[in-house]
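upload-v6.txt (compact mmCIF, C-alpha atoms)
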# COMPACT_ATOMS: atom_id res chain seq x y z
CA MET A 1 -7.74 8.61 3.41
CA ALA A 2 -5.40 10.84 5.38
CA GLY A 3 -3.20 9.08 7.87
CA ALA A 4 -1.75 10.06 11.22
CA THR A 5 1.95 10.83 11.32
CA PHE A 6 4.80 12.48 13.23
CA PRO A 7 5.91 16.04 12.44
CA ARG A 8 9.70 15.94 12.10
CA GLY A 9 12.01 14.16 9.66
CA GLY A 10 11.53 10.71 8.23
CA VAL A 11 12.26 9.21 4.82
CA HIS A 12 10.55 7.14 2.12
CA PRO A 13 12.80 4.22 1.15
CA ALA A 14 11.74 1.76 -1.55
CA GLU A 15 9.48 -0.77 0.17
CA HIS A 16 10.24 -4.08 -1.63
CA LYS A 17 7.29 -5.58 0.24
CA GLU A 18 5.81 -6.93 -2.99
CA LEU A 19 8.20 -9.87 -2.68
CA THR A 20 6.31 -11.39 0.27
CA GLU A 21 3.25 -9.31 1.25
CA HIS A 22 0.85 -11.62 -0.64
CA LEU A 23 2.45 -14.85 0.61
CA ALA A 24 0.50 -16.64 3.36
CA ILE A 25 2.39 -17.69 6.49
CA GLU A 26 3.95 -21.10 5.92
CA GLU A 27 5.09 -23.44 8.69
CA MET A 28 8.62 -24.69 8.17
CA PRO A 29 9.18 -28.30 9.32
CA PRO A 30 11.35 -28.43 12.45
CA PRO A 31 15.07 -28.87 11.70
CA GLN A 32 17.16 -31.80 12.88
CA GLN A 33 19.03 -29.52 15.28
CA VAL A 34 18.34 -26.18 16.94
CA VAL A 35 20.89 -23.71 18.35
CA ILE A 36 19.16 -21.63 21.05
CA PRO A 37 21.18 -18.62 22.31
CA VAL A 38 20.98 -17.72 26.02
CA SER A 39 20.84 -14.03 25.02
CA MET A 40 17.66 -13.26 23.07
CA HIS A 41 16.41 -10.37 25.16
CA PHE A 42 17.37 -7.02 26.63
CA GLY A 43 19.14 -7.64 29.93
CA ALA A 44 21.31 -10.33 31.46
CA PRO A 45 21.94 -13.61 29.60
CA ALA A 46 19.86 -16.54 30.83
CA LYS A 47 21.61 -19.34 32.70
CA PRO A 48 21.11 -22.88 31.38
CA VAL A 49 19.18 -25.23 33.69
CA VAL A 50 19.86 -28.27 31.49
CA LYS A 51 23.00 -30.31 30.92
CA LYS A 52 24.67 -32.16 28.07
CA LYS A 53 22.86 -35.42 27.11
CA GLN A 54 19.73 -34.37 29.03
CA GLU A 55 16.39 -35.15 27.37
CA VAL A 56 14.05 -32.17 26.91
CA GLN A 57 10.48 -31.80 25.70
CA GLU A 58 9.13 -29.12 23.39
CA GLY A 59 8.23 -26.15 25.59
CA ASP A 60 10.45 -27.15 28.54
CA VAL A 61 12.36 -24.41 30.38
CA ILE A 62 16.05 -24.70 29.44
CA ALA A 63 17.46 -21.38 30.73
CA THR A 64 16.33 -18.76 33.26
CA VAL A 65 17.20 -15.30 34.58
CA GLU A 66 16.63 -15.30 38.33
CA LYS A 67 17.30 -11.82 39.71
CA ALA A 68 18.42 -9.61 36.82
CA LEU A 69 16.36 -8.20 33.95
CA GLY A 70 15.72 -10.94 31.41
CA ALA A 71 13.40 -13.67 30.14
CA THR A 72 12.98 -17.43 30.42
CA ILE A 73 14.06 -19.55 27.45
CA HIS A 74 12.28 -22.75 26.35
CA SER A 75 13.20 -25.65 24.11
CA SER A 76 11.65 -25.36 20.67
CA VAL A 77 11.87 -29.12 20.01
CA THR A 78 11.77 -32.46 21.78
CA GLY A 79 15.20 -34.09 21.84
CA VAL A 80 18.54 -34.35 23.61
CA VAL A 81 20.92 -31.55 24.60
CA LYS A 82 24.03 -32.13 22.49
CA THR A 83 26.19 -29.38 23.95
CA ILE A 84 26.25 -25.87 25.47
CA GLU A 85 28.90 -23.79 23.77
CA SER A 86 29.70 -20.50 22.02
CA ARG A 87 27.94 -20.18 18.65
CA PRO A 88 27.37 -17.36 16.11
CA HIS A 89 24.73 -14.76 17.09
CA PRO A 90 22.94 -12.25 14.80
CA THR A 91 23.80 -9.14 16.86
CA MET A 92 26.42 -10.20 19.42
CA VAL A 93 28.75 -11.98 16.92
CA ARG A 94 29.00 -14.97 19.29
CA CYS A 95 27.09 -16.12 22.35
CA ASP A 96 26.65 -19.24 24.47
CA ALA A 97 23.89 -21.41 23.05
CA ILE A 98 22.10 -24.64 23.96
CA VAL A 99 22.35 -27.07 21.04
CA ILE A 100 19.56 -29.68 20.90
CA ASP A 101 19.29 -32.65 18.56
CA ARG A 102 15.62 -33.19 17.73
CA ASP A 103 13.93 -36.55 18.23
CA PRO A 104 12.27 -37.12 14.82
CA SER A 105 9.81 -39.64 16.31
CA ALA A 106 8.40 -37.19 18.88
CA PRO A 107 4.94 -35.78 18.10
CA PRO A 108 4.40 -31.99 18.29
CA ARG A 109 3.19 -30.73 21.63
CA VAL A 110 -0.54 -30.08 21.93
CA TYR A 111 -1.91 -27.26 24.11
CA GLU A 112 -5.42 -27.21 25.60
CA PRO A 113 -7.42 -23.98 25.08
CA GLN A 114 -8.42 -22.01 28.18
CA ASP A 115 -10.73 -19.04 28.78
CA TRP A 116 -8.46 -16.13 29.68
CA ARG A 117 -11.41 -14.12 31.00
CA LYS A 118 -11.58 -16.42 34.01
CA THR A 119 -7.98 -15.53 34.89
CA THR A 120 -6.99 -12.53 37.03
CA ALA A 121 -4.73 -9.76 35.74
CA GLU A 122 -1.96 -10.96 38.07
CA GLN A 123 -2.27 -14.53 36.78
CA LEU A 124 -2.20 -13.32 33.18
CA LEU A 125 0.95 -11.29 33.85
CA ALA A 126 2.54 -14.39 35.40
CA LYS A 127 1.67 -16.36 32.26
CA VAL A 128 3.42 -13.74 30.11
CA LYS A 129 6.51 -13.98 32.31
CA ASP A 130 6.48 -17.78 32.40
CA ALA A 131 6.17 -17.88 28.60
CA GLY A 132 9.41 -15.92 28.22
CA ILE A 133 7.78 -13.28 26.03
CA VAL A 134 9.88 -10.31 24.94
CA GLY A 135 9.23 -7.42 22.56
CA LEU A 136 9.30 -8.97 19.10
CA GLY A 137 9.71 -5.66 17.28
CA GLY A 138 13.48 -5.89 17.67
CA ALA A 139 14.60 -4.61 21.07
CA GLY A 140 13.58 -7.73 22.99
CA PHE A 141 12.64 -5.97 26.22
CA PRO A 142 11.00 -8.45 28.65
CA THR A 143 7.26 -7.97 28.23
CA HIS A 144 6.26 -8.74 31.82
CA VAL A 145 8.46 -5.84 32.95
CA LYS A 146 6.99 -3.50 30.34
CA LEU A 147 3.51 -4.43 31.56
CA SER A 148 4.42 -3.48 35.14
CA PRO A 149 4.83 0.31 35.04
CA PRO A 150 5.51 2.10 38.36
CA PRO A 151 2.45 3.03 40.45
CA SER A 152 3.15 6.70 39.76
CA ALA A 153 2.55 6.18 36.02
CA LYS A 154 -0.96 7.12 34.93
CA VAL A 155 -1.29 4.76 31.98
CA ASP A 156 -4.59 5.12 30.10
CA THR A 157 -3.81 4.00 26.54
CA LEU A 158 -2.38 0.87 24.94
CA VAL A 159 -0.83 1.40 21.51
CA LEU A 160 -0.30 -1.55 19.17
CA ASN A 161 2.40 -1.16 16.57
CA GLY A 162 1.17 -2.45 13.21
CA ALA A 163 3.22 0.02 11.17
CA GLU A 164 5.91 -2.43 10.04
CA CYS A 165 7.64 0.47 8.31
CA GLU A 166 10.92 -1.37 7.58
CA PRO A 167 11.29 -2.25 3.88
CA TYR A 168 10.93 -5.93 2.89
CA LEU A 169 9.40 -7.09 6.21
CA THR A 170 5.78 -8.35 6.05
CA THR A 171 5.49 -10.50 9.19
CA ASP A 172 3.06 -8.30 11.12
CA HIS A 173 1.12 -7.58 7.92
CA ARG A 174 0.44 -11.28 7.39
CA ILE A 175 -0.39 -11.88 11.07
CA MET A 176 -2.99 -9.09 10.96
CA LEU A 177 -4.48 -10.53 7.76
CA GLU A 178 -4.54 -14.17 8.86
CA HIS A 179 -5.14 -13.88 12.62
CA PRO A 180 -7.00 -10.59 13.25
CA GLN A 181 -9.31 -12.07 15.91
CA LYS A 182 -6.35 -13.46 17.86
CA VAL A 183 -4.60 -10.08 17.74
CA VAL A 184 -7.74 -8.33 19.04
CA GLU A 185 -8.14 -10.92 21.82
CA GLY A 186 -4.46 -10.52 22.70
CA THR A 187 -5.06 -6.78 22.86
CA LYS A 188 -7.85 -7.32 25.39
CA VAL A 189 -5.58 -9.56 27.46
CA LEU A 190 -3.08 -6.70 27.57
CA LEU A 191 -5.78 -4.23 28.58
CA LYS A 192 -6.87 -6.50 31.43
CA ILE A 193 -3.28 -6.86 32.66
CA LEU A 194 -2.79 -3.09 32.57
CA GLY A 195 -6.15 -2.36 34.14
CA ILE A 196 -7.18 0.09 31.41
CA LYS A 197 -9.97 0.16 28.81
CA LYS A 198 -8.64 1.74 25.59
CA ALA A 199 -6.34 0.49 22.83
CA VAL A 200 -5.49 1.87 19.40
CA ILE A 201 -3.83 -0.16 16.66
CA GLY A 202 -1.74 1.92 14.23
CA ILE A 203 -1.30 0.51 10.71
CA GLU A 204 0.36 2.21 7.74
CA LEU A 205 -1.92 2.96 4.80
CA ASN A 206 0.06 0.69 2.46
CA LYS A 207 -1.60 -2.23 4.28
CA ALA A 208 -5.22 -1.42 3.42
CA ASP A 209 -6.20 -5.10 3.55
CA ALA A 210 -4.79 -5.40 7.09
CA ILE A 211 -6.60 -2.20 8.14
CA ASN A 212 -9.87 -3.67 6.86
CA ALA A 213 -9.31 -7.06 8.53
CA MET A 214 -8.33 -5.55 11.87
CA THR A 215 -11.17 -3.00 11.78
CA LYS A 216 -13.69 -5.78 11.11
CA ALA A 217 -12.28 -7.93 13.94
CA ALA A 218 -12.30 -4.99 16.35
CA LYS A 219 -15.93 -4.13 15.49
CA GLU A 220 -17.05 -7.76 15.88
CA ALA A 221 -15.43 -7.86 19.31
CA SER A 222 -16.92 -4.55 20.44
CA GLY A 223 -19.77 -4.73 22.92
CA GLN A 224 -18.58 -8.09 24.30
CA ASP A 225 -16.93 -6.43 27.29
CA GLU A 226 -15.78 -3.05 28.61
CA PHE A 227 -12.70 -2.80 26.37
CA THR A 228 -12.44 -0.47 23.36
CA VAL A 229 -10.12 -1.37 20.47
CA ALA A 230 -9.78 1.11 17.60
CA VAL A 231 -7.77 0.97 14.36
CA GLN A 232 -6.02 4.06 12.96
CA GLY A 233 -4.45 4.34 9.51
CA MET A 234 -1.06 6.09 9.40
CA THR A 235 0.89 7.86 6.68
CA VAL A 236 3.51 5.71 4.99
CA LYS A 237 6.73 7.24 6.29
CA TYR A 238 9.77 5.63 7.89
CA PRO A 239 10.28 5.35 10.91
CA GLN A 240 6.55 5.44 11.61
CA GLY A 241 6.83 2.33 13.76
CA SER A 242 9.45 3.64 16.19
CA GLU A 243 8.03 4.05 19.68
CA LYS A 244 8.14 7.82 20.16
CA GLN A 245 7.03 8.60 16.60
CA LEU A 246 4.20 6.04 16.82
CA ILE A 247 2.95 7.48 20.12
CA TYR A 248 2.87 11.00 18.69
CA SER A 249 1.15 9.85 15.49
CA LEU A 250 -1.67 8.12 17.39
CA THR A 251 -2.04 10.23 20.55
CA GLN A 252 -0.26 13.55 19.86
CA ARG A 253 1.67 12.99 23.09
CA SER A 254 5.43 13.69 23.06
CA VAL A 255 7.66 11.43 25.15
CA PRO A 256 10.26 13.70 26.81
CA GLY A 257 13.98 13.27 26.20
CA GLY A 258 15.24 10.41 28.33
CA GLY A 259 11.65 9.49 29.14
CA LEU A 260 9.60 6.35 28.57
CA PRO A 261 6.12 5.86 27.05
CA PHE A 262 4.48 5.41 30.46
CA ASP A 263 5.60 8.98 31.28
CA VAL A 264 2.85 10.13 28.90
CA GLY A 265 0.35 7.46 29.89
CA VAL A 266 1.05 4.99 27.08
CA ILE A 267 2.27 1.38 26.80
CA VAL A 268 3.35 0.14 23.34
CA GLN A 269 3.30 -3.45 22.10
CA ASN A 270 4.13 -5.04 18.77
CA ILE A 271 1.63 -7.11 16.75
CA SER A 272 3.74 -10.29 16.90
CA THR A 273 4.22 -9.81 20.64
CA THR A 274 0.45 -9.48 21.07
CA LEU A 275 -0.11 -12.76 19.23
CA ALA A 276 2.42 -14.46 21.54
CA ILE A 277 0.57 -13.01 24.56
CA PHE A 278 -2.72 -14.39 23.21
CA GLU A 279 -1.15 -17.86 22.94
CA ALA A 280 0.32 -17.62 26.46
CA ALA A 281 -3.04 -16.52 27.92
CA THR A 282 -5.26 -19.00 26.06
CA LEU A 283 -2.94 -22.00 25.64
CA ASN A 284 -0.20 -21.57 28.26
CA LYS A 285 2.15 -21.78 25.26
CA PRO A 286 5.71 -20.42 25.72
CA LEU A 287 7.45 -18.32 23.07
CA TYR A 288 9.67 -20.74 21.15
CA GLU A 289 8.53 -20.30 17.57
CA LYS A 290 7.75 -17.20 15.54
CA VAL A 291 6.82 -15.82 12.16
CA ALA A 292 9.63 -14.11 10.23
CA THR A 293 10.04 -12.76 6.69
CA PHE A 294 12.77 -14.25 4.50
CA SER A 295 13.18 -12.03 1.50
CA GLY A 296 15.54 -10.36 -0.95
CA ARG A 297 16.39 -11.15 -4.54
CA ALA A 298 19.21 -13.54 -3.63
CA ILE A 299 16.98 -16.22 -2.04
CA LYS A 300 15.35 -18.60 -4.49
CA ARG A 301 11.93 -18.51 -2.81
CA PRO A 302 10.99 -15.56 -0.55
CA ALA A 303 8.50 -16.47 2.18
CA ASN A 304 6.83 -15.62 5.47
CA LEU A 305 7.73 -18.60 7.63
CA LYS A 306 6.71 -19.81 11.07
CA VAL A 307 9.99 -21.23 12.36
CA LYS A 308 11.32 -22.77 15.54
CA VAL A 309 13.58 -20.49 17.58
CA GLY A 310 17.11 -21.82 17.15
CA THR A 311 16.72 -22.80 13.49
CA VAL A 312 19.96 -21.85 11.73
CA LEU A 313 19.87 -19.86 8.50
CA SER A 314 21.47 -22.65 6.49
CA ASP A 315 18.42 -24.83 7.19
CA VAL A 316 16.06 -21.99 6.26
CA ALA A 317 17.94 -21.27 3.04
CA ALA A 318 17.93 -24.96 2.09
CA TYR A 319 14.16 -25.16 2.72
CA LEU A 320 13.64 -22.14 0.46
CA GLY A 321 15.66 -23.60 -2.41
CA GLY A 322 19.03 -22.05 -1.62
CA THR A 323 20.61 -18.71 -2.47
CA THR A 324 21.58 -17.32 -5.86
CA ASN A 325 25.11 -16.75 -7.13
CA ASP A 326 24.49 -13.02 -6.73
CA LEU A 327 24.19 -13.15 -2.92
CA THR A 328 26.05 -10.05 -1.72
CA LYS A 329 24.88 -9.47 1.85
CA ILE A 330 22.78 -11.20 4.53
CA VAL A 331 20.95 -8.92 6.95
CA SER A 332 19.22 -9.99 10.15
CA GLY A 333 16.24 -7.64 10.45
CA GLY A 334 15.29 -4.90 8.01
CA PRO A 335 17.68 -2.97 5.77
CA MET A 336 17.39 0.25 7.81
CA MET A 337 18.02 -1.07 11.35
CA GLY A 338 19.17 -4.64 10.80
CA PHE A 339 22.62 -6.15 11.28
CA ALA A 340 24.72 -7.75 8.56
CA VAL A 341 25.73 -11.33 9.38
CA SER A 342 28.76 -13.08 7.95
CA ASN A 343 27.48 -16.61 7.39
CA LEU A 344 24.52 -19.00 7.48
CA ASP A 345 25.40 -20.50 10.89
CA VAL A 346 23.42 -17.77 12.67
CA PRO A 347 20.19 -18.96 14.39
CA ILE A 348 16.73 -17.43 14.41
CA THR A 349 16.11 -15.81 17.79
CA LYS A 350 12.97 -14.55 19.53
CA THR A 351 13.58 -11.06 18.11
CA SER A 352 14.28 -12.09 14.50
CA SER A 353 11.68 -10.15 12.51
CA GLY A 354 13.19 -11.31 9.24
CA VAL A 355 16.34 -12.14 7.31
CA LEU A 356 17.25 -10.56 3.98
CA PHE A 357 19.34 -12.24 1.30
CA LEU A 358 20.36 -9.25 -0.77
CA SER A 359 21.75 -9.24 -4.31
CA SER A 360 24.28 -6.79 -5.74
CA SER A 361 21.40 -4.69 -7.15
CA GLU A 362 20.01 -4.25 -3.62
CA THR A 363 23.22 -3.25 -1.85
CA ASP A 364 25.82 -0.52 -2.13
CA THR A 365 29.29 -1.72 -1.19
CA GLY A 366 31.12 1.44 -2.27
CA THR A 367 33.32 3.49 0.02
CA TYR A 368 32.13 6.62 1.82
CA GLY A 369 33.55 10.13 1.61
CA PRO A 370 33.97 13.15 3.90
CA CYS A 371 31.01 15.17 5.16
CA ILE A 372 30.00 17.86 2.63
CA HIS A 373 27.85 19.72 5.21
CA CYS A 374 24.71 19.53 3.06
CA GLY A 375 22.46 19.28 6.12
CA TRP A 376 20.29 16.51 4.68
CA CYS A 377 20.81 14.30 7.73
CA LEU A 378 19.57 17.12 9.98
CA GLU A 379 16.35 17.34 7.97
CA ALA A 380 15.84 13.56 7.92
CA CYS A 381 16.44 12.88 11.62
CA PRO A 382 13.05 12.26 13.31
CA MET A 383 14.57 13.20 16.69
CA GLY A 384 16.00 16.54 15.53
CA LEU A 385 19.59 15.50 16.29
CA GLN A 386 22.88 16.40 14.57
CA PRO A 387 24.22 13.16 13.03
CA LYS A 388 26.93 14.87 11.00
CA GLU A 389 28.46 16.49 14.09
CA VAL A 390 28.50 13.17 15.95
CA ALA A 391 30.34 11.55 13.02
CA ILE A 392 32.87 14.37 12.70
CA TYR A 393 33.64 14.22 16.41
CA VAL A 394 34.12 10.43 16.29
CA GLU A 395 36.48 10.74 13.33
CA ALA A 396 38.45 13.37 15.25
CA GLY A 397 38.82 11.07 18.27
CA LYS A 398 36.33 13.10 20.30
CA GLY A 399 33.39 10.71 20.35
CA HIS A 400 33.19 11.04 24.12
CA GLN A 401 32.12 14.68 23.66
CA THR A 402 29.01 13.96 21.58
CA GLU A 403 26.44 13.85 24.36
CA LYS A 404 25.74 17.54 23.70
CA PHE A 405 24.44 16.56 20.25
CA GLY A 406 21.84 14.24 21.79
CA VAL A 407 23.56 11.02 20.78
CA PHE A 408 21.70 9.01 23.44
CA GLU A 409 18.37 10.12 21.98
CA CYS A 410 19.41 8.44 18.71
CA PHE A 411 17.58 5.11 18.27
CA GLU A 412 19.67 4.24 15.19
CA CYS A 413 16.81 4.32 12.65
CA GLY A 414 19.20 4.97 9.76
CA CYS A 415 17.37 7.93 8.19
CA CYS A 416 20.55 10.00 8.27
CA ALA A 417 22.67 7.37 6.52
CA TYR A 418 19.90 6.76 3.97
CA VAL A 419 19.89 10.38 2.74
CA CYS A 420 23.64 11.06 3.01
CA PRO A 421 25.03 11.80 -0.49
CA ALA A 422 28.55 10.96 0.75
CA LYS A 423 27.27 7.53 1.85
CA ARG A 424 28.69 8.02 5.35
CA PRO A 425 27.92 5.25 7.91
CA LEU A 426 26.29 7.69 10.32
CA VAL A 427 24.53 5.02 12.40
CA GLN A 428 27.81 3.22 13.03
CA PHE A 429 29.40 6.53 14.06
CA ALA A 430 26.54 7.08 16.53
CA ARG A 431 27.03 3.60 18.00
CA LEU A 432 30.74 4.24 18.44
CA ALA A 433 30.01 7.60 20.04
CA LYS A 434 27.69 6.00 22.62
CA ILE A 435 30.36 3.44 23.50
CA GLN A 436 33.01 6.14 23.84
CA VAL A 437 30.82 8.36 26.03
CA LYS A 438 30.12 5.42 28.37
CA LYS A 439 33.80 4.44 28.51
CA HIS A 440 34.76 8.01 29.29
CA GLY A 441 32.36 7.97 32.22

Conversion result in structure tokens:
Amino acid sequence: MAGATFPRGGVHPAEHKELTEHLAIEEMPPPQQVVIPVSMHFGAPAKPVVKKKQEVQEGDVIATVEKALGATIHSSVTGVVKTIESRPHPTMVRCDAIVIDRDPSAPPRVYEPQDWRKTTAEQLLAKVKDAGIVGLGGAGFPTHVKLSPPPSAKVDTLVLNGAECEPYLTTDHRIMLEHPQKVVEGTKVLLKILGIKKAVIGIELNKADAINAMTKAAKEASGQDEFTVAVQGMTVKYPQGSEKQLIYSLTQRSVPGGGLPFDVGVIVQNISTTLAIFEAATLNKPLYEKVATFSGRAIKRPANLKVKVGTVLSDVAAYLGGTTNDLTKIVSGGPMMGFAVSNLDVPITKTSSGVLFLSSSETDTGTYGPCIHCGWCLEACPMGLQPKEVAIYVEAGKGHQTEKFGVFECFECGCCAYVCPAKRPLVQFARLAKIQVKKHG
């Protein structure tokens, strides 16, 4: 079965998905305490609307963003606010967080099912906003904003990202296997909000069971209404799941430099995000728990866990039997685009797709060398950029001059660093270059 793909660059890293791809989603018991950061989305930090010693219920609003770009934050447990203070954060190093001590006697909140078809598109969009849903693929862009393209945009296609091309991560894979009907219904909710009829779900061919499950669910739902949901297999190639590459693979439309998907008539959503939208539309349930992959050869028991937002990694590690003596690195996210974290005090956020506990055999802690001008990074870059030139300019103190190499088109996929024989940290150089260009004005 030939799969759809993008034409330029890409790599084929070892997948390591065998560690968790056959493990059913398991619900982790709520921890005694949650640490909920006020920054878990693209945009301005949310402002707490609760105070120390205040009692909160599971699902209560605890922080909001009034006028700026952002998303509402809800309590993931019933309990008492212990404090609001700076705590470790997976990508920001530190961030203000609302610390809540859970009431162990409180029962879990129960949500009453509702028929989303009786709700208008405007009401459904309001539910998505009220639920605090953000893109769960990593960027955390507020979903209600993404679902409100400008009137000039001629959107006709919804693309669902089921690629999950990052090594180790199997969250979306398991969701598609275990909840295909919910994903399809969530897709239809999205179509109603957008006022369009057609959706295509892209899934890499290494997830044949998910392709079969989603295809069956889509066929069973066909004919029920005016919406069309199709499933398309895609070639296994990283970064197949990145927005611009995914859009080209499934529609053959090229998003222009500096452009957005709606410029070519497309809106993209992640599988996990779509499940959250289904729950908001049918249960009025906010986003305060999520499925994440915990993997790597330095955790005693790899798993796909449904966890409360704000659960700290030390509690997750303890639940999974602890780490091995060979723990060398902890990565929030996947190995290609994730961020290394320094300790187990970091909490799970809305955008945590997974956490990797990597052993010495899975990491390379050696030093890097000078560029040997082999050109491999140029061939691997899916955006056709010049990673080696960006790095050389940064090293020479000229990072502010790298805009001509397309540094702002770089989405930091890591293909260049993966193929570099000198092991140069090309993604980090690109990040520094962006900062220096902005500082230079």

Inset, instruction - For atom CA of A:Gly399 and atom CA of A:His12, quote the distance in Å rounded to one decimal. - result: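 We find that atom CA of A:Gly399 and atom CA of A:His12 lie 29.4 Å from each other.
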
Legend entry - Selection near stretch 184-199 of chain A, 7 Å with only C-alpha atoms, sequence-local residues under 6 positions removed, as a list in words: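 Here the qualifying residues turn out to be Ala121, Glu122, Leu124, Leu125, Leu147, Asp156, Thr157, Leu158, Val159, Ala217, Ala218, Glu226, Phe227, Thr228, Val229, Ala230, Thr274, Leu275, Ile277 and Phe278 of chain A.
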
Legend entry - Minimum-distance residue to A:Thr328, chosen among A:Leu432, A:Ala71, A:Val34, A:Ile299 (using all atoms listed in the file): A:Ile299

Inset, instruction - Show which residues sit within 9 Å of A:Glu112, as a PyMOL selection string. Count all atoms listed in the file, and ignore same-chain residues fewer than 4 positions away. - result: chain A and resi 282-284

Legend entry - For A:Ser272, the nearest of the candidates A:Val355, A:Met176, A:Val309, A:Ala221, counting only C-alpha atoms: A:Met176

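Restricting the calculation to all atoms listed in the file, the smallest distance between A:Ala24 and any of A:Cys371, A:Val407, A:Ile175, A:Val200 is found for A:Ile175.
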
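Using only C-alpha atoms, the shortest contact distance between A:Thr363 and any of A:Ile330, A:Pro347, A:Gly384, A:Gly375 is found at A:Ile330.
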
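Across the structure, atom CA of A:Ala213 and atom CA of A:Gly3 are spaced 17.3 Å apart.
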
My structure is short of atoms at stretch 179-194 of chain A; please model N, CA and C atoms there, returning them as a PDB file, in the frame of the given file.
ATOM      1  N   HIS A 179      -4.711 -13.629  11.238  1.00  0.00           N
ATOM      2  CA  HIS A 179      -5.140 -13.880  12.620  1.00  0.00           C
ATOM      3  C   HIS A 179      -5.670 -12.611  13.306  1.00  0.00           C
ATOM      4  N   PRO A 180      -6.554 -11.854  12.647  1.00  0.00           N
ATOM      5  CA  PRO A 180      -7.000 -10.590  13.250  1.00  0.00           C
ATOM      6  C   PRO A 180      -7.741 -10.778  14.566  1.00  0.00           C
ATOM      7  N   GLN A 181      -8.556 -11.837  14.666  1.00  0.00           N
ATOM      8  CA  GLN A 181      -9.310 -12.070  15.910  1.00  0.00           C
ATOM      9  C   GLN A 181      -8.364 -12.368  17.074  1.00  0.00           C
ATOM     10  N   LYS A 182      -7.310 -13.135  16.813  1.00  0.00           N
ATOM     11  CA  LYS A 182      -6.350 -13.460  17.860  1.00  0.00           C
ATOM     12  C   LYS A 182      -5.611 -12.203  18.327  1.00  0.00           C
ATOM     13  N   VAL A 183      -5.279 -11.322  17.376  1.00  0.00           N
ATOM     14  CA  VAL A 183      -4.600 -10.080  17.740  1.00  0.00           C
ATOM     15  C   VAL A 183      -5.508  -9.212  18.610  1.00  0.00           C
ATOM     16  N   VAL A 184      -6.788  -9.128  18.241  1.00  0.00           N
ATOM     17  CA  VAL A 184      -7.740  -8.330  19.040  1.00  0.00           C
ATOM     18  C   VAL A 184      -7.909  -8.952  20.427  1.00  0.00           C
ATOM     19  N   GLU A 185      -8.025 -10.276  20.514  1.00  0.00           N
ATOM     20  CA  GLU A 185      -8.140 -10.920  21.820  1.00  0.00           C
ATOM     21  C   GLU A 185      -6.873 -10.709  22.652  1.00  0.00           C
ATOM     22  N   GLY A 186      -5.716 -10.802  22.005  1.00  0.00           N
ATOM     23  CA  GLY A 186      -4.460 -10.520  22.700  1.00  0.00           C
ATOM     24  C   GLY A 186      -4.405  -9.099  23.211  1.00  0.00           C
ATOM     25  N   THR A 187      -4.984  -8.180  22.442  1.00  0.00           N
ATOM     26  CA  THR A 187      -5.060  -6.780  22.860  1.00  0.00           C
ATOM     27  C   THR A 187      -5.886  -6.650  24.136  1.00  0.00           C
ATOM     28  N   LYS A 188      -6.992  -7.371  24.196  1.00  0.00           N
ATOM     29  CA  LYS A 188      -7.850  -7.320  25.390  1.00  0.00           C
ATOM     30  C   LYS A 188      -7.162  -7.942  26.597  1.00  0.00           C
ATOM     31  N   VAL A 189      -6.367  -8.983  26.367  1.00  0.00           N
ATOM     32  CA  VAL A 189      -5.580  -9.560  27.460  1.00  0.00           C
ATOM     33  C   VAL A 189      -4.639  -8.498  28.020  1.00  0.00           C
ATOM     34  N   LEU A 190      -3.984  -7.770  27.131  1.00  0.00           N
ATOM     35  CA  LEU A 190      -3.080  -6.700  27.570  1.00  0.00           C
ATOM     36  C   LEU A 190      -3.816  -5.631  28.357  1.00  0.00           C
ATOM     37  N   LEU A 191      -4.999  -5.249  27.877  1.00  0.00           N
ATOM     38  CA  LEU A 191      -5.780  -4.230  28.580  1.00  0.00           C
ATOM     39  C   LEU A 191      -6.155  -4.698  29.979  1.00  0.00           C
ATOM     40  N   LYS A 192      -6.515  -5.971  30.102  1.00  0.00           N
ATOM     41  CA  LYS A 192      -6.870  -6.500  31.430  1.00  0.00           C
ATOM     42  C   LYS A 192      -5.664  -6.485  32.358  1.00  0.00           C
ATOM     43  N   ILE A 193      -4.499  -6.874  31.838  1.00  0.00           N
ATOM     44  CA  ILE A 193      -3.280  -6.860  32.660  1.00  0.00           C
ATOM     45  C   ILE A 193      -2.979  -5.452  33.143  1.00  0.00           C
ATOM     46  N   LEU A 194      -3.128  -4.481  32.244  1.00  0.00           N
ATOM     47  CA  LEU A 194      -2.790  -3.090  32.570  1.00  0.00           C
ATOM     48  C   LEU A 194      -3.877  -2.398  33.388  1.00  0.00           C
TER      49      LEU A 194
END
